[in-house]
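Next comes entry37.json, a file with JSON, C-alpha atoms.
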```json
[["chain", "number", "residue", "atom", "x", "y", "z"],
["A", 21, "MET", "CA", 20.17, 9.11, -14.18],
["A", 22, "ALA", "CA", 18.02, 6.29, -12.76],
["A", 23, "LYS", "CA", 15.62, 7.24, -10.02],
["A", 24, "THR", "CA", 16.06, 5.87, -6.48],
["A", 25, "LEU", "CA", 13.98, 2.72, -6.03],
["A", 26, "PRO", "CA", 12.36, 2.74, -2.56],
["A", 27, "PHE", "CA", 12.10, -1.07, -2.36],
["A", 28, "THR", "CA", 11.61, -4.22, -4.41],
["A", 29, "GLY", "CA", 9.28, -7.07, -3.53],
["A", 30, "SER", "CA", 6.35, -7.08, -1.13],
["A", 31, "GLY", "CA", 5.48, -3.95, 0.79],
["A", 32, "VAL", "CA", 2.69, -4.48, 3.30],
["A", 33, "ALA", "CA", -0.07, -1.89, 3.46],
["A", 34, "ILE", "CA", -0.19, -2.50, 7.18],
["A", 35, "VAL", "CA", -3.34, -2.27, 9.31],
["A", 36, "THR", "CA", -3.41, 0.02, 12.32],
["A", 37, "PRO", "CA", -4.34, -1.76, 15.58],
["A", 38, "PHE", "CA", -6.72, 0.27, 17.73],
["A", 39, "ASP", "CA", -7.72, 0.02, 21.36],
["A", 40, "GLY", "CA", -10.94, 1.96, 21.52],
["A", 41, "ASP", "CA", -10.18, 5.48, 20.32],
["A", 42, "LYS", "CA", -6.39, 5.11, 20.52],
["A", 43, "ILE", "CA", -3.70, 3.37, 18.49],
["A", 44, "ASN", "CA", -2.44, 0.23, 20.20],
["A", 45, "TYR", "CA", 1.29, 0.79, 19.76],
["A", 46, "ASP", "CA", 2.30, -2.45, 21.47],
["A", 47, "ALA", "CA", 0.18, -4.39, 19.00],
["A", 48, "LEU", "CA", 1.56, -2.36, 16.09],
["A", 49, "GLY", "CA", 5.06, -3.17, 17.26],
["A", 50, "GLU", "CA", 4.25, -6.89, 17.31],
["A", 51, "LEU", "CA", 2.95, -6.70, 13.75],
["A", 52, "LEU", "CA", 6.06, -4.85, 12.59],
["A", 53, "GLU", "CA", 8.36, -7.45, 14.13],
["A", 54, "MET", "CA", 6.29, -10.24, 12.58],
["A", 55, "HIS", "CA", 6.62, -8.70, 9.13],
["A", 56, "ILE", "CA", 10.35, -8.26, 9.41],
["A", 57, "ALA", "CA", 10.73, -11.87, 10.59],
["A", 58, "LYS", "CA", 8.55, -13.15, 7.74],
["A", 59, "LYS", "CA", 10.45, -11.41, 4.94],
["A", 60, "THR", "CA", 8.17, -8.46, 4.17],
["A", 61, "ASP", "CA", 10.30, -6.11, 2.09],
["A", 62, "ALA", "CA", 8.84, -2.74, 3.17],
["A", 63, "ILE", "CA", 6.25, -1.27, 5.52],
["A", 64, "ILE", "CA", 3.64, 1.10, 4.13],
["A", 65, "ILE", "CA", 2.15, 2.85, 7.15],
["A", 66, "CYS", "CA", -0.93, 5.09, 7.25],
["A", 67, "GLY", "CA", -2.40, 4.11, 3.92],
["A", 68, "THR", "CA", -5.98, 3.14, 3.10],
["A", 69, "THR", "CA", -5.57, -0.24, 4.81],
["A", 70, "GLY", "CA", -4.24, 1.56, 7.89],
["A", 71, "GLU", "CA", -7.44, 3.66, 8.15],
["A", 72, "ALA", "CA", -5.42, 6.87, 7.83],
["A", 73, "SER", "CA", -8.47, 8.79, 6.67],
["A", 74, "THR", "CA", -9.80, 8.59, 10.26],
["A", 75, "MET", "CA", -6.63, 9.95, 11.84],
["A", 76, "PRO", "CA", -6.01, 13.56, 12.82],
["A", 77, "ASP", "CA", -2.55, 14.77, 11.83],
["A", 78, "SER", "CA", -1.03, 14.34, 15.29],
["A", 79, "GLU", "CA", -2.06, 10.67, 15.45],
["A", 80, "HIS", "CA", -1.11, 10.06, 11.81],
["A", 81, "LEU", "CA", 2.39, 11.41, 12.37],
["A", 82, "ASN", "CA", 2.81, 9.62, 15.71],
["A", 83, "ALA", "CA", 2.01, 6.30, 13.98],
["A", 84, "ILE", "CA", 4.64, 7.01, 11.35],
["A", 85, "ARG", "CA", 7.18, 8.14, 13.97],
["A", 86, "TYR", "CA", 6.65, 4.98, 16.02],
["A", 87, "THR", "CA", 7.01, 2.80, 12.93],
["A", 88, "VAL", "CA", 10.20, 4.50, 11.74],
["A", 89, "GLU", "CA", 11.76, 4.17, 15.19],
["A", 90, "LYS", "CA", 10.62, 0.56, 15.69],
["A", 91, "VAL", "CA", 11.74, -0.64, 12.27],
["A", 92, "ALA", "CA", 15.05, 1.22, 12.71],
["A", 93, "LYS", "CA", 16.13, 0.97, 9.06],
["A", 94, "ARG", "CA", 15.88, -2.83, 8.97],
["A", 95, "ILE", "CA", 13.54, -2.47, 5.98],
["A", 96, "PRO", "CA", 12.22, 0.66, 4.25],
["A", 97, "VAL", "CA", 9.23, 2.54, 5.69],
["A", 98, "ILE", "CA", 6.96, 4.32, 3.23],
["A", 99, "ALA", "CA", 4.41, 6.69, 4.76],
["A", 100, "GLY", "CA", 1.05, 7.72, 3.41],
["A", 101, "ALA", "CA", 0.97, 11.51, 3.23],
["A", 102, "GLY", "CA", -1.61, 12.29, 0.57],
["A", 103, "SER", "CA", -4.48, 14.73, 0.75],
["A", 104, "ASN", "CA", -7.05, 16.35, -1.50],
["A", 105, "ASP", "CA", -5.73, 19.68, -0.19],
["A", 106, "THR", "CA", -2.33, 20.43, -1.73],
["A", 107, "ARG", "CA", -1.24, 22.60, 1.19],
["A", 108, "HIS", "CA", -2.11, 19.85, 3.64],
["A", 109, "ALA", "CA", -0.28, 17.23, 1.56],
["A", 110, "ILE", "CA", 2.83, 19.42, 1.48],
["A", 111, "GLU", "CA", 2.82, 19.92, 5.24],
["A", 112, "LEU", "CA", 2.27, 16.22, 5.94],
["A", 113, "SER", "CA", 5.03, 15.28, 3.50],
["A", 114, "LYS", "CA", 7.50, 17.67, 5.11],
["A", 115, "GLU", "CA", 6.70, 16.24, 8.54],
["A", 116, "VAL", "CA", 7.10, 12.68, 7.25],
["A", 117, "GLU", "CA", 10.50, 13.52, 5.80],
["A", 118, "ALA", "CA", 11.58, 15.09, 9.09],
["A", 119, "ILE", "CA", 10.50, 11.96, 10.98],
["A", 120, "GLY", "CA", 12.82, 9.88, 8.81],
["A", 121, "ALA", "CA", 10.57, 7.83, 6.52],
["A", 122, "ASP", "CA", 12.24, 6.39, 3.44],
["A", 123, "GLY", "CA", 9.53, 7.53, 1.06],
["A", 124, "ILE", "CA", 6.02, 8.92, 0.65],
["A", 125, "LEU", "CA", 2.89, 7.41, -0.85],
["A", 126, "SER", "CA", 0.81, 10.25, -2.30],
["A", 127, "VAL", "CA", -2.72, 9.59, -3.56],
["A", 128, "THR", "CA", -4.54, 11.55, -6.23],
["A", 129, "PRO", "CA", -6.95, 14.15, -4.83],
["A", 130, "TYR", "CA", -10.33, 12.62, -3.98],
["A", 131, "TYR", "CA", -13.83, 14.12, -3.80],
["A", 132, "ASN", "CA", -12.92, 17.60, -5.06],
["A", 133, "LYS", "CA", -10.60, 15.84, -7.55],
["A", 134, "THR", "CA", -8.91, 18.07, -10.16],
["A", 135, "THR", "CA", -7.92, 18.19, -13.83],
["A", 136, "GLN", "CA", -4.83, 16.53, -15.30],
["A", 137, "LYS", "CA", -3.15, 19.96, -15.26],
["A", 138, "GLY", "CA", -4.07, 20.22, -11.59],
["A", 139, "LEU", "CA", -2.53, 16.80, -10.92],
["A", 140, "VAL", "CA", 0.79, 17.93, -12.37],
["A", 141, "GLN", "CA", 0.73, 21.05, -10.21],
["A", 142, "HIS", "CA", -0.38, 19.12, -7.10],
["A", 143, "PHE", "CA", 2.26, 16.40, -7.22],
["A", 144, "THR", "CA", 5.03, 18.72, -8.40],
["A", 145, "ALA", "CA", 4.39, 21.08, -5.48],
["A", 146, "ILE", "CA", 4.61, 18.17, -3.02],
["A", 147, "ALA", "CA", 7.79, 16.83, -4.63],
["A", 148, "ASN", "CA", 9.44, 20.25, -4.57],
["A", 149, "ALA", "CA", 8.79, 20.51, -0.82],
["A", 150, "VAL", "CA", 10.72, 17.33, 0.08],
["A", 151, "SER", "CA", 13.72, 15.36, -1.15],
["A", 152, "ILE", "CA", 12.73, 11.76, -0.32],
["A", 153, "PRO", "CA", 11.19, 9.51, -3.01],
["A", 154, "ILE", "CA", 7.51, 9.87, -3.82],
["A", 155, "ILE", "CA", 5.29, 7.02, -5.02],
["A", 156, "LEU", "CA", 2.18, 8.23, -6.82],
["A", 157, "TYR", "CA", -0.97, 6.32, -5.90],
["A", 158, "ASN", "CA", -3.47, 5.76, -8.72],
["A", 159, "VAL", "CA", -6.69, 4.23, -7.35],
["A", 160, "PRO", "CA", -9.67, 5.43, -9.42],
["A", 161, "SER", "CA", -12.18, 3.25, -7.54],
["A", 162, "ARG", "CA", -11.61, 5.35, -4.41],
["A", 163, "THR", "CA", -10.76, 8.76, -5.84],
["A", 164, "GLY", "CA", -12.91, 8.98, -8.96],
["A", 165, "MET", "CA", -10.01, 9.95, -11.20],
["A", 166, "ASN", "CA", -7.19, 8.36, -13.17],
["A", 167, "ILE", "CA", -3.71, 9.71, -13.90],
["A", 168, "SER", "CA", -3.31, 9.98, -17.67],
["A", 169, "ILE", "CA", -0.23, 8.72, -19.48],
["A", 170, "GLU", "CA", 0.61, 12.28, -20.59],
["A", 171, "THR", "CA", 0.40, 13.44, -16.97],
["A", 172, "LEU", "CA", 2.72, 10.63, -15.87],
["A", 173, "LYS", "CA", 5.19, 11.62, -18.59],
["A", 174, "GLU", "CA", 5.24, 15.15, -17.21],
["A", 175, "LEU", "CA", 5.53, 14.02, -13.58],
["A", 176, "SER", "CA", 8.34, 11.59, -14.42],
["A", 177, "LYS", "CA", 10.53, 14.63, -15.17],
["A", 178, "VAL", "CA", 10.45, 15.47, -11.44],
["A", 179, "GLU", "CA", 13.54, 13.90, -9.87],
["A", 180, "ASN", "CA", 12.02, 12.50, -6.68],
["A", 181, "ILE", "CA", 8.73, 11.31, -8.21],
["A", 182, "VAL", "CA", 10.03, 7.81, -8.71],
["A", 183, "ALA", "CA", 7.18, 5.29, -8.93],
["A", 184, "ILE", "CA", 3.47, 4.62, -9.19],
["A", 185, "LYS", "CA", 1.31, 2.32, -7.12],
["A", 186, "GLU", "CA", -1.04, 1.21, -9.86],
["A", 187, "ALA", "CA", -4.38, 0.12, -8.42],
["A", 188, "SER", "CA", -6.75, 0.65, -11.34],
["A", 189, "GLY", "CA", -6.73, -3.07, -12.13],
["A", 190, "ASN", "CA", -6.37, -2.13, -15.80],
["A", 191, "ILE", "CA", -3.55, -4.19, -17.31],
["A", 192, "SER", "CA", -3.76, -2.32, -20.63],
["A", 193, "TYR", "CA", -3.21, 0.98, -18.85],
["A", 194, "THR", "CA", -0.29, -0.46, -16.88],
["A", 195, "ALA", "CA", 1.30, -1.77, -20.08],
["A", 196, "LYS", "CA", 1.11, 1.75, -21.52],
["A", 197, "VAL", "CA", 2.74, 3.16, -18.39],
["A", 198, "ALA", "CA", 5.56, 0.61, -18.69],
["A", 199, "ALA", "CA", 6.02, 1.28, -22.41],
["A", 200, "GLU", "CA", 5.64, 5.05, -22.48],
["A", 201, "VAL", "CA", 6.88, 6.17, -19.06],
["A", 202, "PRO", "CA", 9.87, 3.89, -18.38],
["A", 203, "GLU", "CA", 11.32, 6.48, -16.00],
["A", 204, "LEU", "CA", 8.73, 5.51, -13.37],
["A", 205, "TYR", "CA", 8.93, 2.25, -11.45],
["A", 206, "ILE", "CA", 5.65, 0.36, -11.07],
["A", 207, "TYR", "CA", 4.23, -1.36, -8.00],
["A", 208, "SER", "CA", 1.05, -3.41, -8.18],
["A", 209, "GLY", "CA", -1.74, -2.05, -6.03],
["A", 210, "ASN", "CA", -3.82, -5.19, -6.62],
["A", 211, "ASP", "CA", -2.89, -8.49, -5.01],
["A", 212, "ASP", "CA", -4.69, -10.56, -7.65],
["A", 213, "ILE", "CA", -2.42, -9.37, -10.49],
["A", 214, "ILE", "CA", 1.04, -9.17, -8.93],
["A", 215, "VAL", "CA", 2.62, -11.54, -11.46],
["A", 216, "PRO", "CA", 1.10, -9.83, -14.52],
["A", 217, "LEU", "CA", 2.50, -6.49, -13.33],
["A", 218, "LEU", "CA", 5.90, -8.04, -12.63],
["A", 219, "SER", "CA", 5.86, -9.39, -16.19],
["A", 220, "LEU", "CA", 5.51, -5.80, -17.42],
["A", 221, "GLY", "CA", 8.58, -4.77, -15.43],
["A", 222, "GLY", "CA", 6.94, -4.06, -12.09],
["A", 223, "LYS", "CA", 9.19, -3.92, -9.04],
["A", 224, "GLY", "CA", 6.79, -5.40, -6.49],
["A", 225, "VAL", "CA", 3.48, -4.91, -4.77],
["A", 226, "ILE", "CA", 1.96, -2.73, -2.07],
["A", 227, "SER", "CA", -0.15, -5.48, -0.61],
["A", 228, "VAL", "CA", -3.18, -6.14, 1.56],
["A", 229, "VAL", "CA", -2.92, -9.95, 1.62],
["A", 230, "SER", "CA", 0.63, -9.70, 2.97],
["A", 231, "ASN", "CA", -0.92, -8.64, 6.30],
["A", 232, "ILE", "CA", -1.97, -12.28, 6.76],
["A", 233, "MET", "CA", 0.37, -14.12, 4.35],
["A", 234, "PRO", "CA", 3.57, -12.06, 4.43],
["A", 235, "GLU", "CA", 6.12, -14.69, 3.48],
["A", 236, "GLU", "CA", 4.00, -16.07, 0.66],
["A", 237, "THR", "CA", 3.49, -12.59, -0.81],
["A", 238, "HIS", "CA", 7.22, -11.93, -0.59],
["A", 239, "ASN", "CA", 7.80, -15.26, -2.31],
["A", 240, "ILE", "CA", 5.52, -14.42, -5.26],
["A", 241, "CYS", "CA", 7.86, -11.52, -6.00],
["A", 242, "GLN", "CA", 11.15, -13.19, -5.13],
["A", 243, "LEU", "CA", 10.43, -16.30, -7.17],
["A", 244, "TYR", "CA", 9.66, -14.09, -10.16],
["A", 245, "PHE", "CA", 12.84, -12.07, -9.67],
["A", 246, "ASP", "CA", 14.78, -15.36, -9.44],
["A", 247, "ASN", "CA", 13.38, -16.42, -12.84],
["A", 248, "GLN", "CA", 11.20, -19.10, -11.25],
["A", 249, "VAL", "CA", 8.21, -17.74, -13.11],
["A", 250, "GLU", "CA", 6.09, -20.90, -13.06],
["A", 251, "GLU", "CA", 6.48, -21.21, -9.29],
["A", 252, "SER", "CA", 5.61, -17.54, -8.85],
["A", 253, "ARG", "CA", 2.54, -17.88, -11.04],
["A", 254, "ALA", "CA", 1.41, -21.02, -9.24],
["A", 255, "LEU", "CA", 1.64, -19.28, -5.86],
["A", 256, "GLN", "CA", -0.26, -16.26, -7.19],
["A", 257, "LEU", "CA", -3.09, -18.50, -8.39],
["A", 258, "GLN", "CA", -3.05, -20.60, -5.22],
["A", 259, "MET", "CA", -3.66, -17.44, -3.16],
["A", 260, "LEU", "CA", -6.36, -16.03, -5.43],
["A", 261, "ASP", "CA", -9.27, -17.28, -3.31],
["A", 262, "ILE", "CA", -8.01, -15.68, -0.10],
["A", 263, "ILE", "CA", -7.11, -12.49, -1.97],
["A", 264, "ASN", "CA", -10.66, -12.27, -3.32],
["A", 265, "ALA", "CA", -12.08, -12.98, 0.15],
["A", 266, "LEU", "CA", -10.19, -9.99, 1.53],
["A", 267, "PHE", "CA", -12.19, -7.73, -0.78],
["A", 268, "ILE", "CA", -15.61, -9.24, -0.21],
["A", 269, "GLU", "CA", -16.34, -6.06, 1.75],
["A", 270, "VAL", "CA", -14.58, -2.70, 1.75],
["A", 271, "ASN", "CA", -10.87, -2.92, 2.62],
["A", 272, "PRO", "CA", -9.67, -3.08, 5.41],
["A", 273, "ILE", "CA", -12.75, -4.65, 7.00],
["A", 274, "PRO", "CA", -11.98, -8.25, 5.93],
["A", 275, "VAL", "CA", -8.20, -8.17, 6.45],
["A", 276, "LYS", "CA", -8.49, -6.67, 9.91],
["A", 277, "THR", "CA", -11.14, -9.25, 10.76],
["A", 278, "ALA", "CA", -8.86, -11.99, 9.43],
["A", 279, "LEU", "CA", -5.96, -10.86, 11.60],
["A", 280, "GLY", "CA", -8.22, -11.00, 14.63],
["A", 281, "LEU", "CA", -9.28, -14.54, 13.70],
["A", 282, "MET", "CA", -5.59, -15.46, 13.49],
["A", 283, "GLY", "CA", -5.05, -14.30, 17.06],
["A", 284, "TYR", "CA", -3.42, -10.94, 16.43],
["A", 285, "THR", "CA", -4.50, -7.97, 18.53],
["A", 286, "VAL", "CA", -5.82, -5.45, 16.03],
["A", 287, "GLY", "CA", -8.87, -4.13, 17.87],
["A", 288, "ASN", "CA", -11.77, -2.29, 16.36],
["A", 289, "LEU", "CA", -12.47, -0.73, 13.00],
["A", 290, "ARG", "CA", -13.14, 2.99, 13.04],
["A", 291, "ALA", "CA", -16.53, 4.25, 11.92],
["A", 292, "PRO", "CA", -17.85, 4.44, 9.29],
["A", 293, "LEU", "CA", -16.24, 1.01, 8.84],
["A", 294, "CYS", "CA", -18.11, -1.68, 10.72],
["A", 295, "ALA", "CA", -18.18, -5.41, 11.47],
["A", 296, "MET", "CA", -18.63, -7.80, 8.56],
["A", 297, "GLU", "CA", -21.99, -9.19, 7.50],
["A", 298, "ASP", "CA", -22.38, -12.71, 8.87],
["A", 299, "LYS", "CA", -22.63, -14.31, 5.41],
["A", 300, "ASN", "CA", -19.41, -12.62, 4.28],
["A", 301, "LEU", "CA", -17.65, -13.52, 7.51],
["A", 302, "GLU", "CA", -18.40, -17.19, 6.87],
["A", 303, "LYS", "CA", -16.96, -16.90, 3.36],
["A", 304, "LEU", "CA", -13.81, -15.29, 4.76],
["A", 305, "LYS", "CA", -13.44, -18.01, 7.38],
["A", 306, "ALA", "CA", -13.85, -20.71, 4.72],
["A", 307, "ALA", "CA", -11.11, -19.19, 2.56],
["A", 308, "MET", "CA", -8.83, -18.81, 5.58],
["A", 309, "ALA", "CA", -9.42, -22.43, 6.60],
["A", 310, "LYS", "CA", -8.24, -23.61, 3.17],
["A", 311, "HIS", "CA", -4.92, -21.88, 3.84],
["A", 312, "ASN", "CA", -4.71, -23.00, 7.48],
["A", 313, "LEU", "CA", -4.94, -19.41, 8.68],
["A", 314, "CYS", "CA", -7.66, -19.73, 11.31],
["A", 315, "LYS", "CA", -6.40, -20.08, 14.84]]
```
Take the structure in this file and express it as structure tokens.
Amino acid sequence: MAKTLPFTGSGVAIVTPFDGDKINYDALGELLEMHIAKKTDAIIICGTTGEASTMPDSEHLNAIRYTVEKVAKRIPVIAGAGSNDTRHAIELSKEVEAIGADGILSVTPYYNKTTQKGLVQHFTAIANAVSIPIILYNVPSRTGMNISIETLKELSKVENIVAIKEASGNISYTAKVAAEVPELYIYSGNDDIIVPLLSLGGKGVISVVSNIMPEETHNICQLYFDNQVEESRALQLQMLDIINALFIEVNPIPVKTALGLMGYTVGNLRAPLCAMEDKNLEKLKAAMAKHNLCK
């Protein structure tokens, strides 16, 4: 039996607007409505780009609850609920399911990490605690560990572990996942290689650049799905400079800065994240100007 696909196309790893120490829910609501109007295919709330690592559980869950209620099933809402503490990840995931999210994004344990055997136990325990779809999040640059192909094969046997957000940037690894673990759907976790991952059977992207170019990011995917591969490829390459500019410093510093430059109310970054270096800010502004994004 095929696994339930949470969404196809462009899912935005949405920023979290802050007003001082609090979430600015009015501003978050405006961003959500903008994304729905501009064809974003899913909202991914409380991920890395949303600065979830700075949120206590009550705030984390309130952000997800607000998003689920505001979006009101117009498009899917996937909620970050990972942790490097299995018990904590289970409790967060159960709360997220109760709130009504359409799926969970669950990152590999970071800092304390684990073995591949531990990964199987970690993700299986989370999956067994909920019934909604789970997207595994493989991002070795942030966690210090990679999910092996053999581990993915084992995890693919779990009914509600349905997909992987693949953010290693390693096309060879992704090709092996597609070839050897066809039971798992693949989402690109890197905006600069959306089309290559779609060519391997990927179902879309969980995107940073879609915060500032939502319709274009949707179009990269939709054009590919509509067999307009050359047009999709051309758009991917056209956006490469702005995509690279968004990672000139640690995400989400540049993308949140960019949204502010565009006139959106996103507020401050939470420490330890800080304002951009002046030289990098100028590079970001130059890339934005090329795409007519500066207000």
Problem set entry | All residues 10 Å or closer to range 274-284 of chain A, all atoms listed in the file, same chain fewer than 3 positions away omitted, as a PyMOL selection string | chain A and resi 34-37+47-48+50-51+69-70+228-232+262-263+265-271+287-289+295-296+300-301+304-305+308+312-315
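Proximity ranking of A:Ala183, A:Thr134, A:Ile191, A:Asn210 relative to Ser161 in chain A places A:Asn210 first, based on all atoms listed in the file.
CA of Leu52 in chain A lies 12.5 Å from CA of Thr285 in chain A.
If you measure from each of A:Arg290, A:Glu71, A:Ile206, A:Glu235 to Met54 in chain A using only C-alpha atoms, the closest one turns out to be A:Glu235.
The nearest approach to Thr163 in chain A among the residues A:Ile181, A:Ala187, A:Leu175, A:Val97, with only C-alpha atoms taken into account, belongs to A:Ala187.
With CA of His108 in chain A on one side and CA of Glu174 in chain A on the other, the separation reads 22.6 Å.
Using all atoms listed in the file, the nearest neighbour of Asp211 in chain A within the list A:Pro26, A:Pro292, A:Gly40, A:Gly31 is A:Gly31.
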N, CA and C atoms are what I want for range 178-201 of chain A; can you complete it accordingly and write them as a compact mmCIF listing (two decimals), in the frame of the given file?
```
# COMPACT_ATOMS: atom_id res chain seq x y z
N VAL A 178 10.12 14.99 -12.78
CA VAL A 178 10.45 15.47 -11.44
C VAL A 178 11.34 14.43 -10.77
N GLU A 179 12.50 14.84 -10.30
CA GLU A 179 13.54 13.90 -9.87
C GLU A 179 13.08 12.92 -8.80
N ASN A 180 12.36 13.39 -7.80
CA ASN A 180 12.02 12.50 -6.68
C ASN A 180 10.62 11.92 -6.78
N ILE A 181 9.93 12.11 -7.91
CA ILE A 181 8.73 11.31 -8.21
C ILE A 181 9.23 10.08 -8.94
N VAL A 182 9.24 8.95 -8.24
CA VAL A 182 10.03 7.81 -8.71
C VAL A 182 9.19 6.61 -9.16
N ALA A 183 7.94 6.52 -8.70
CA ALA A 183 7.18 5.29 -8.93
C ALA A 183 5.69 5.57 -8.88
N ILE A 184 4.92 4.56 -9.29
CA ILE A 184 3.47 4.62 -9.19
C ILE A 184 2.96 3.32 -8.58
N LYS A 185 2.09 3.46 -7.60
CA LYS A 185 1.31 2.32 -7.12
C LYS A 185 0.07 2.28 -7.99
N GLU A 186 0.00 1.27 -8.86
CA GLU A 186 -1.04 1.21 -9.86
C GLU A 186 -2.15 0.28 -9.38
N ALA A 187 -3.27 0.88 -9.00
CA ALA A 187 -4.38 0.12 -8.42
C ALA A 187 -5.67 0.30 -9.22
N SER A 188 -5.54 0.56 -10.51
CA SER A 188 -6.75 0.65 -11.34
C SER A 188 -7.25 -0.72 -11.72
N GLY A 189 -6.36 -1.73 -11.68
CA GLY A 189 -6.73 -3.07 -12.13
C GLY A 189 -6.76 -3.20 -13.64
N ASN A 190 -6.32 -2.16 -14.34
CA ASN A 190 -6.37 -2.13 -15.80
C ASN A 190 -4.99 -2.48 -16.35
N ILE A 191 -4.84 -3.72 -16.81
CA ILE A 191 -3.55 -4.19 -17.31
C ILE A 191 -3.13 -3.41 -18.56
N SER A 192 -4.09 -3.07 -19.41
CA SER A 192 -3.76 -2.32 -20.63
C SER A 192 -3.16 -0.96 -20.29
N TYR A 193 -3.75 -0.30 -19.30
CA TYR A 193 -3.21 0.98 -18.85
C TYR A 193 -1.79 0.80 -18.30
N THR A 194 -1.60 -0.23 -17.48
CA THR A 194 -0.29 -0.46 -16.88
C THR A 194 0.75 -0.75 -17.94
N ALA A 195 0.37 -1.49 -18.98
CA ALA A 195 1.30 -1.77 -20.08
C ALA A 195 1.72 -0.47 -20.77
N LYS A 196 0.78 0.46 -20.92
CA LYS A 196 1.11 1.75 -21.52
C LYS A 196 2.05 2.54 -20.63
N VAL A 197 1.82 2.49 -19.32
CA VAL A 197 2.74 3.16 -18.39
C VAL A 197 4.15 2.60 -18.56
N ALA A 198 4.25 1.26 -18.57
CA ALA A 198 5.56 0.61 -18.69
C ALA A 198 6.24 0.96 -20.02
N ALA A 199 5.45 1.02 -21.09
CA ALA A 199 6.02 1.28 -22.41
C ALA A 199 6.37 2.74 -22.64
N GLU A 200 5.51 3.64 -22.13
CA GLU A 200 5.64 5.05 -22.48
C GLU A 200 6.26 5.91 -21.39
N VAL A 201 6.29 5.39 -20.16
CA VAL A 201 6.88 6.17 -19.06
C VAL A 201 7.88 5.28 -18.32
```
